[in-house]
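A.B. asks: Handing over target_16.txt, compact mmCIF, C-alpha atoms.
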# COMPACT_ATOMS: atom_id res chain seq x y z
CA MET K 1488 -79.44 23.41 1.00
CA ARG K 1489 -76.66 24.11 3.48
CA ARG K 1490 -77.11 20.65 4.98
CA TRP K 1491 -76.51 18.95 1.63
CA ALA K 1492 -73.49 21.15 0.95
CA VAL K 1493 -71.94 19.98 4.23
CA ILE K 1494 -72.76 16.35 3.44
CA ALA K 1495 -71.21 16.71 -0.02
CA ALA K 1496 -68.06 18.18 1.52
CA ALA K 1497 -67.88 15.32 4.03
CA ALA K 1498 -68.30 12.78 1.25
CA ALA K 1499 -65.47 14.45 -0.64
CA VAL K 1500 -63.25 14.00 2.42
CA SER K 1501 -64.12 10.29 2.58
CA MET K 1502 -63.23 9.83 -1.10
CA GLY K 1503 -59.94 11.72 -0.83
CA ALA K 1504 -56.43 10.46 -1.44
CA PRO K 1505 -55.26 7.37 0.47
CA ALA K 1506 -53.76 7.94 3.89
CA SER K 1507 -50.02 8.56 3.50
CA ALA K 1508 -48.86 6.14 6.19
CA ALA K 1509 -49.82 2.96 7.98
CA SER K 1510 -48.40 0.99 10.88
CA TYR K 1511 -47.64 -2.64 11.65
CA VAL K 1512 -47.13 -4.03 15.16
CA PHE K 1513 -45.50 -7.38 15.86
CA ASP K 1514 -44.06 -9.32 18.79
CA VAL K 1515 -40.54 -10.70 18.83
CA SER K 1516 -39.61 -13.82 20.81
CA GLY K 1517 -36.72 -16.20 20.30
CA GLY K 1518 -32.96 -16.43 20.42
CA GLY K 1519 -32.82 -14.38 23.61
CA LEU K 1520 -34.58 -11.43 21.95
CA SER K 1521 -38.10 -10.37 22.97
CA GLY K 1522 -40.34 -7.33 22.80
CA THR K 1523 -42.95 -5.50 20.76
CA VAL K 1524 -42.18 -3.35 17.73
CA SER K 1525 -44.35 -0.88 15.80
CA LEU K 1526 -43.27 0.13 12.29
CA THR K 1527 -44.62 3.13 10.38
CA TYR K 1528 -44.45 2.85 6.60
CA GLU K 1529 -45.63 4.71 3.53
CA ALA K 1530 -45.80 4.38 -0.25
CA ASN K 1531 -42.54 3.92 -2.15
CA PRO K 1532 -42.37 6.18 -5.25
CA ASN K 1533 -39.36 4.34 -6.69
CA THR K 1534 -40.41 0.79 -7.54
CA GLY K 1535 -39.84 -1.06 -10.79
CA PRO K 1536 -38.01 -3.96 -12.43
CA ILE K 1537 -34.79 -5.21 -10.84
CA GLY K 1538 -32.10 -7.53 -12.16
CA THR K 1539 -28.96 -5.43 -12.60
CA SER K 1540 -26.16 -4.25 -10.34
CA PRO K 1541 -26.76 -1.70 -9.06
CA ASN K 1542 -30.52 -1.50 -9.53
CA SER K 1543 -32.32 1.77 -10.19
CA TYR K 1544 -35.50 0.67 -8.43
CA ASP K 1545 -36.79 -1.04 -5.33
CA PRO K 1546 -38.96 -4.14 -5.85
CA VAL K 1547 -42.58 -3.66 -6.86
CA GLY K 1548 -44.76 -4.08 -3.77
CA SER K 1549 -42.24 -2.52 -1.39
CA TYR K 1550 -43.01 0.35 0.97
CA ILE K 1551 -40.65 2.63 2.90
CA VAL K 1552 -40.28 2.33 6.68
CA THR K 1553 -40.25 5.86 8.06
CA GLY K 1554 -40.35 5.26 11.80
CA ALA K 1555 -40.31 2.69 14.58
CA SER K 1556 -41.05 2.45 18.29
CA GLY K 1557 -41.32 -0.21 20.96
CA THR K 1558 -39.16 -2.10 23.43
CA LEU K 1559 -36.60 -4.84 22.87
CA ARG K 1560 -34.89 -7.05 25.45
CA ASN K 1561 -31.79 -9.08 24.63
CA SER K 1562 -30.89 -11.50 27.41
CA ASN K 1563 -27.72 -12.54 25.56
CA ILE K 1564 -26.09 -9.20 26.35
CA ASN K 1565 -28.32 -8.08 29.24
CA LEU K 1566 -29.83 -5.23 27.22
CA THR K 1567 -33.29 -3.69 27.60
CA THR K 1568 -33.89 -0.65 25.43
CA MET K 1569 -36.55 1.50 23.82
CA ILE K 1570 -36.68 1.77 20.04
CA THR K 1571 -36.55 5.45 19.13
CA GLY K 1572 -36.61 5.34 15.33
CA VAL K 1573 -34.83 4.02 12.24
CA VAL K 1574 -31.55 5.03 10.64
CA PRO K 1575 -32.35 6.88 7.37
CA SER K 1576 -31.65 5.07 4.12
CA ASN K 1577 -28.06 5.37 2.91
CA PRO K 1578 -27.93 3.82 -0.58
CA GLY K 1579 -24.64 2.26 -1.65
CA LYS K 1580 -23.39 -0.28 -4.17
CA PRO K 1581 -23.84 -3.98 -3.42
CA THR K 1582 -21.29 -6.55 -4.59
CA SER K 1583 -21.15 -6.68 -8.38
CA GLY K 1584 -22.65 -10.16 -8.58
CA ASN K 1585 -25.73 -9.28 -6.56
CA LEU K 1586 -28.36 -8.51 -9.19
CA LEU K 1587 -31.34 -8.41 -6.82
CA ALA K 1588 -30.31 -5.84 -4.21
CA PRO K 1589 -32.84 -2.95 -4.15
CA ALA K 1590 -31.83 0.59 -5.07
CA SER K 1591 -32.23 1.50 -1.38
CA PHE K 1592 -29.55 -1.05 -0.36
CA GLY K 1593 -26.82 0.46 1.79
CA HIS K 1594 -24.53 -0.10 4.77
CA TYR K 1595 -24.63 0.94 8.40
CA ILE K 1596 -20.93 1.27 9.15
CA VAL K 1597 -19.43 -0.68 12.05
CA LYS K 1598 -15.84 0.38 12.78
CA ASN K 1599 -14.45 -3.13 13.21
CA GLY K 1600 -16.65 -4.53 10.45
CA VAL K 1601 -19.21 -7.31 10.48
CA PRO K 1602 -17.99 -10.93 10.47
CA GLY K 1603 -18.79 -12.80 7.26
CA PRO K 1604 -17.71 -15.85 5.27
CA ASP K 1605 -15.32 -13.75 3.19
CA GLY K 1606 -13.87 -11.68 6.02
CA LYS K 1607 -15.19 -8.39 7.36
CA ALA K 1608 -18.01 -6.45 5.72
CA PRO K 1609 -18.09 -2.66 6.27
CA GLY K 1610 -21.25 -2.87 8.34
CA PHE K 1611 -24.83 -4.09 8.45
CA SER K 1612 -26.68 -4.12 5.13
CA TYR K 1613 -30.12 -2.49 5.25
CA ASP K 1614 -32.67 -0.83 2.97
CA ASN K 1615 -35.66 0.26 5.14
CA LEU K 1616 -38.13 -1.58 2.89
CA PHE K 1617 -41.39 -3.16 4.04
CA TYR K 1618 -43.46 -5.70 2.10
CA PRO K 1619 -47.14 -6.14 3.06
CA GLY K 1620 -47.45 -8.98 0.55
CA GLY K 1621 -44.14 -10.64 1.46
CA SER K 1622 -40.71 -9.77 0.09
CA PRO K 1623 -39.27 -11.23 -3.11
CA PRO K 1624 -35.71 -12.62 -3.02
CA THR K 1625 -33.39 -9.61 -2.75
CA ALA K 1626 -29.98 -11.27 -3.03
CA THR K 1627 -28.69 -13.42 -5.88
CA ASP K 1628 -27.07 -15.87 -3.45
CA TYR K 1629 -30.13 -16.12 -1.15
CA PRO K 1630 -33.23 -16.96 -3.24
CA ILE K 1631 -35.71 -16.93 -0.32
CA GLY K 1632 -38.33 -14.30 0.49
CA GLY K 1633 -41.78 -14.00 1.99
CA GLY K 1634 -41.09 -11.89 5.08
CA PHE K 1635 -42.51 -8.43 5.74
CA LEU K 1636 -38.88 -7.29 5.66
CA ASP K 1637 -36.21 -8.60 3.29
CA ILE K 1638 -32.81 -10.01 4.27
CA TYR K 1639 -31.35 -6.51 4.66
CA GLY K 1640 -34.11 -5.10 6.84
CA LEU K 1641 -33.59 -1.89 8.74
CA VAL K 1642 -31.54 -0.45 11.59
CA PHE K 1643 -33.26 0.67 14.79
CA THR K 1644 -31.95 3.56 16.82
CA THR K 1645 -32.40 2.98 20.56
CA SER K 1646 -32.42 4.80 23.88
CA SER K 1647 -29.31 2.84 24.92
CA GLY K 1648 -27.26 4.29 22.07
CA LYS K 1649 -26.91 0.85 20.50
CA ALA K 1650 -28.06 0.22 16.93
CA ILE K 1651 -29.99 -2.95 16.09
CA ASN K 1652 -30.11 -4.30 12.56
CA PHE K 1653 -33.35 -6.27 12.19
CA TRP K 1654 -34.11 -8.32 9.07
CA SER K 1655 -36.08 -11.30 7.76
CA ASN K 1656 -34.62 -14.56 6.50
CA GLY K 1657 -37.94 -15.37 4.80
CA ASP K 1658 -41.06 -17.38 5.53
CA THR K 1659 -40.24 -20.81 6.97
CA GLY K 1660 -43.77 -22.20 6.70
CA GLN K 1661 -44.27 -21.86 10.47
CA GLY K 1662 -43.73 -18.12 10.50
CA VAL K 1663 -41.32 -15.40 9.45
CA SER K 1664 -37.71 -16.11 10.35
CA TYR K 1665 -35.86 -13.04 11.58
CA GLY K 1666 -32.33 -12.07 12.50
CA ALA K 1667 -30.99 -9.26 14.65
CA GLY K 1668 -27.53 -7.83 15.13
CA THR K 1669 -26.65 -5.34 17.85
CA THR K 1670 -23.70 -2.95 17.65
CA ASP K 1671 -22.23 -0.04 19.57
CA GLY K 1672 -20.82 1.30 16.30
CA ILE K 1673 -17.41 -0.18 17.02
CA SER K 1674 -18.03 -3.93 17.21
CA VAL K 1675 -20.89 -6.37 16.78
CA LEU K 1676 -22.14 -7.23 20.28
CA ASP K 1677 -24.60 -9.99 19.40
CA TYR K 1678 -26.23 -11.93 16.58
CA THR K 1679 -29.49 -13.74 17.23
CA GLY K 1680 -32.77 -14.73 15.60
CA GLY K 1681 -36.11 -16.49 15.90
CA ILE K 1682 -39.59 -16.84 14.39
CA ILE K 1683 -42.39 -14.26 14.21
CA ALA K 1684 -45.91 -15.68 13.89
CA ARG K 1685 -47.69 -14.78 10.66
CA THR K 1686 -50.19 -11.93 10.95
CA ALA K 1687 -52.09 -9.98 8.32
CA VAL K 1688 -50.19 -6.88 7.22
CA PRO K 1689 -52.29 -3.81 6.34
CA GLU K 1690 -51.40 -1.62 3.38
CA PRO K 1691 -51.80 2.17 3.59
CA ALA K 1692 -55.49 2.72 2.87
CA THR K 1693 -58.35 5.17 3.06
CA TRP K 1694 -60.31 3.55 5.87
CA MET K 1695 -59.49 6.17 8.53
CA THR K 1696 -60.28 8.96 6.10
CA MET K 1697 -63.54 7.24 5.15
CA ILE K 1698 -64.54 6.91 8.81
CA LEU K 1699 -63.91 10.63 9.30
CA GLY K 1700 -65.91 11.51 6.21
CA LEU K 1701 -68.85 9.31 7.16
CA ALA K 1702 -68.83 10.71 10.69
CA LEU K 1703 -69.00 14.26 9.34
CA ALA K 1704 -71.82 13.26 7.01
CA GLY K 1705 -73.73 11.68 9.90
CA ILE K 1706 -73.33 14.77 12.07
CA ALA K 1707 -74.52 17.01 9.25
CA LEU K 1708 -77.53 14.78 8.58
CA ARG K 1709 -78.53 14.69 12.26
CA ARG K 1710 -78.24 18.47 12.54
CA GLY K 1711 -80.32 18.92 9.40
CA ARG K 1712 -83.05 16.62 10.70
CA ALA K 1713 -83.09 18.42 14.05
CA ALA K 1714 -83.49 21.77 12.27
CA GLU K 1715 -86.37 20.40 10.17
CA THR K 1716 -88.08 19.07 13.30
CA ARG K 1717 -87.80 22.45 15.04
CA ALA K 1718 -89.16 24.23 11.97
CA ARG K 1719 -92.09 21.79 11.74
CA LEU K 1720 -92.96 22.27 15.42
CA THR K 1721 -92.80 26.04 14.97
CA ARG K 1722 -95.22 25.85 12.06
CA ILE K 1723 -97.58 23.60 14.01
CA GLY K 1724 -97.45 25.82 17.08
CA GLY K 1725 -98.11 28.94 15.01
CA SER K 1726 -101.04 27.54 13.00
Represent the supplied structure as C-alpha cells.
C.D. replies:
Amino acid sequence: MRRWAVIAAAAAVSMGAPASAASYVFDVSGGGLSGTVSLTYEANPNTGPIGTSPNSYDPVGSYIVTGASGTLRNSNINLTTMITGVVPSNPGKPTSGNLLAPASFGHYIVKNGVPGPDGKAPGFSYDNLFYPGGSPPTATDYPIGGGFLDIYGLVFTTSSGKAINFWSNGDTGQGVSYGAGTTDGISVLDYTGGIIARTAVPEPATWMTMILGLALAGIALRRGRAAETRARLTRIGGS
C-alpha cells in the first residue's frame, strides 16, 4: 500500500503546474558582433488586444525575459564582455501615432540621446518581450515581425559596464534579422546588426517536471518489487 501511495504522489508531481521558466540559447554572428546568448523567460500575465496608444496589454503570445547570460564580442569598438542580466522593464508612453507598441514599451535613457530620423530620441526603446511563435508587428510604421524578439527587444547589462540594446528587425526568410546598439549611458558607441539562423524556440512546459515525476515513480516501483522479492524468498526459506 505504501508503494502505491508513493507512486501516486510521484504521478501528482509529474502532472503539476507548468514549469515557471524556460531558456533559449542562440549564437550571434554578423556586423562585427559575435557570441552566444542565453535568455530566461516566463509566462506573461498581461497579454491581450492591442491597437491603441498607449496599450494596456502586451501582444498575445509574448513572454517576459527575466534574465540573460553569455558573452558578446564587438570588433567595431574592440569590446569583449560578459552578459550579466537584463535591465528591468520601465514602461513609458510611445509616440501618439504608434498604436502597436506593447504596454511594456519603455526607454533606456542615454544622456546624449539616440540618433534618429527626427533628431534625438531619449534612449533605446525596449520591452523585454520574447515570442516563441514569432513576434507580431509592434510599431505602426514598421509592419514586420517574426523574430523571437520584437523591434524594441531588451537591454543587456554587461561586465564592462556598457549596456547593449538587442532587438529583432523581423524574419528575412533566411533567418532572423537583429540589431544591436551599445552605449556607456552617455553616448551611443556603436550600431550594428546581422542574421540569426532559425531554430526551434521552446515554450515553458512541464517536461522537466514530468521527468522528475516519472523518475520518482520508477524508483518507488523498483523498491516495491525488491521488497516483494525479499518477502517471497523469506516465505520460501521458512516453509
A.B. asks: What's the separation between CA of Asp1545 in chain K and CA of Asn1652 in chain K, in Å to one decimal place?
C.D. replies: 19.4 Å
A.B. asks: Would you mind listing what lies within 9 Å of Asp1514 in chain K as a ChimeraX atom specification, with all atoms listed in the file counted and same-chain residues fewer than 2 positions away left out?
C.D. replies: /K:1512,1516,1521-1525,1683-1684
A.B. asks: Dump C-alpha atoms for the selected residues as an mmCIF file, in the coordinates of the input?
C.D. replies:
data_model
loop_
_atom_site.group_PDB
_atom_site.id
_atom_site.type_symbol
_atom_site.label_atom_id
_atom_site.label_comp_id
_atom_site.auth_asym_id
_atom_site.auth_seq_id
_atom_site.Cartn_x
_atom_site.Cartn_y
_atom_site.Cartn_z
ATOM 1 C CA VAL K 1512 -47.130 -4.030 15.160
ATOM 2 C CA SER K 1516 -39.610 -13.820 20.810
ATOM 3 C CA SER K 1521 -38.100 -10.370 22.970
ATOM 4 C CA GLY K 1522 -40.340 -7.330 22.800
ATOM 5 C CA THR K 1523 -42.950 -5.500 20.760
ATOM 6 C CA VAL K 1524 -42.180 -3.350 17.730
ATOM 7 C CA SER K 1525 -44.350 -0.880 15.800
ATOM 8 C CA ILE K 1683 -42.390 -14.260 14.210
ATOM 9 C CA ALA K 1684 -45.910 -15.680 13.890
#
A.B. asks: Mind pulling up the distance from CA of Gly1672 in chain K to CA of Ser1647 in chain K?
C.D. replies: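 Computed distance, CA of Ser1647 in chain K to CA of Gly1672 in chain K, equals 12.2 Å.
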A.B. asks: What is the CA of Gly1633 in chain K-CA of Asp1671 in chain K distance in Å, reported with one decimal?
C.D. replies: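 CA of Asp1671 in chain K lies at a distance of 29.8 Å from CA of Gly1633 in chain K.
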A.B. asks: Could you list, as a PyMOL selection string, every residue within 6 Å of Asn1615 in chain K, counting only C-alpha atoms and ignoring same-chain residues fewer than 3 positions away?
C.D. replies: chain K and resi 1551-1552+1640-1641
A.B. asks: Compare K:Gly1610, K:Pro1536, K:Gly1660, K:Gly1666 by their minimum atom-to-atom distance to Gly1593 in chain K, counting all atoms listed in the file, and give me the closest one.
C.D. replies: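 Distance minimum relative to Gly1593 in chain K lands on K:Gly1610.
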A.B. asks: List the spatial neighbours of Ala1590 in chain K as a compact mmCIF listing (two decimals) with C-alpha atoms, in the coordinates of the input - criterion: any atom at most 12 Å away, all atoms listed in the file, same-chain residues fewer than 2 positions off excluded.
C.D. replies:
# COMPACT_ATOMS: atom_id res chain seq x y z
CA ASN K 1531 -42.54 3.92 -2.15
CA PRO K 1532 -42.37 6.18 -5.25
CA ASN K 1533 -39.36 4.34 -6.69
CA THR K 1534 -40.41 0.79 -7.54
CA GLY K 1535 -39.84 -1.06 -10.79
CA PRO K 1536 -38.01 -3.96 -12.43
CA ILE K 1537 -34.79 -5.21 -10.84
CA GLY K 1538 -32.10 -7.53 -12.16
CA THR K 1539 -28.96 -5.43 -12.60
CA SER K 1540 -26.16 -4.25 -10.34
CA PRO K 1541 -26.76 -1.70 -9.06
CA ASN K 1542 -30.52 -1.50 -9.53
CA SER K 1543 -32.32 1.77 -10.19
CA TYR K 1544 -35.50 0.67 -8.43
CA ASP K 1545 -36.79 -1.04 -5.33
CA PRO K 1546 -38.96 -4.14 -5.85
CA VAL K 1547 -42.58 -3.66 -6.86
CA SER K 1549 -42.24 -2.52 -1.39
CA SER K 1576 -31.65 5.07 4.12
CA ASN K 1577 -28.06 5.37 2.91
CA PRO K 1578 -27.93 3.82 -0.58
CA GLY K 1579 -24.64 2.26 -1.65
CA LYS K 1580 -23.39 -0.28 -4.17
CA PRO K 1581 -23.84 -3.98 -3.42
CA ASN K 1585 -25.73 -9.28 -6.56
CA LEU K 1586 -28.36 -8.51 -9.19
CA LEU K 1587 -31.34 -8.41 -6.82
CA ALA K 1588 -30.31 -5.84 -4.21
CA PHE K 1592 -29.55 -1.05 -0.36
CA GLY K 1593 -26.82 0.46 1.79
CA TYR K 1613 -30.12 -2.49 5.25
CA ASP K 1614 -32.67 -0.83 2.97
CA ASN K 1615 -35.66 0.26 5.14
CA LEU K 1616 -38.13 -1.58 2.89
CA THR K 1625 -33.39 -9.61 -2.75
A.B. asks: Find the residue from K:Tyr1595, K:Tyr1629, K:Phe1653, K:Tyr1618 that sits nearest to Gly1681 in chain K; use only C-alpha atoms when measuring.
C.D. replies: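 Result for the nearest residue to Gly1681 in chain K: K:Phe1653.
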A.B. asks: List every protein, DNA or RNA residue that has an atom no more than 7 Å from (-21.8, 0.7, 8.4) in the file's coordinate frame, counting all atoms listed in the file, and report them as an mmCIF file with C-alpha atoms, in the coordinates of the input.
C.D. replies:
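What ended up in out-v6.cif:
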data_model
loop_
_atom_site.group_PDB
_atom_site.id
_atom_site.type_symbol
_atom_site.label_atom_id
_atom_site.label_comp_id
_atom_site.auth_asym_id
_atom_site.auth_seq_id
_atom_site.Cartn_x
_atom_site.Cartn_y
_atom_site.Cartn_z
ATOM 1 C CA HIS K 1594 -24.530 -0.100 4.770
ATOM 2 C CA TYR K 1595 -24.630 0.940 8.400
ATOM 3 C CA ILE K 1596 -20.930 1.270 9.150
ATOM 4 C CA VAL K 1597 -19.430 -0.680 12.050
ATOM 5 C CA PRO K 1609 -18.090 -2.660 6.270
ATOM 6 C CA GLY K 1610 -21.250 -2.870 8.340
ATOM 7 C CA PHE K 1611 -24.830 -4.090 8.450
#
A.B. asks: Mind listing whatever residues come within 12 Å of the point (-30.8, 3.1, 24.8)? Use all atoms listed in the file, file coordinates, and give them as a PyMOL selection string.
C.D. replies: chain K and resi 1557-1560+1566-1572+1643-1651+1669-1671
A.B. asks: Just checking: using all atoms listed in the file, which residue out of K:Leu1636, K:Ala1508, K:Ala1555, K:Ile1631 ends up closest to Phe1617 in chain K?
C.D. replies: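 Closest to Phe1617 in chain K of all the choices is K:Leu1636.
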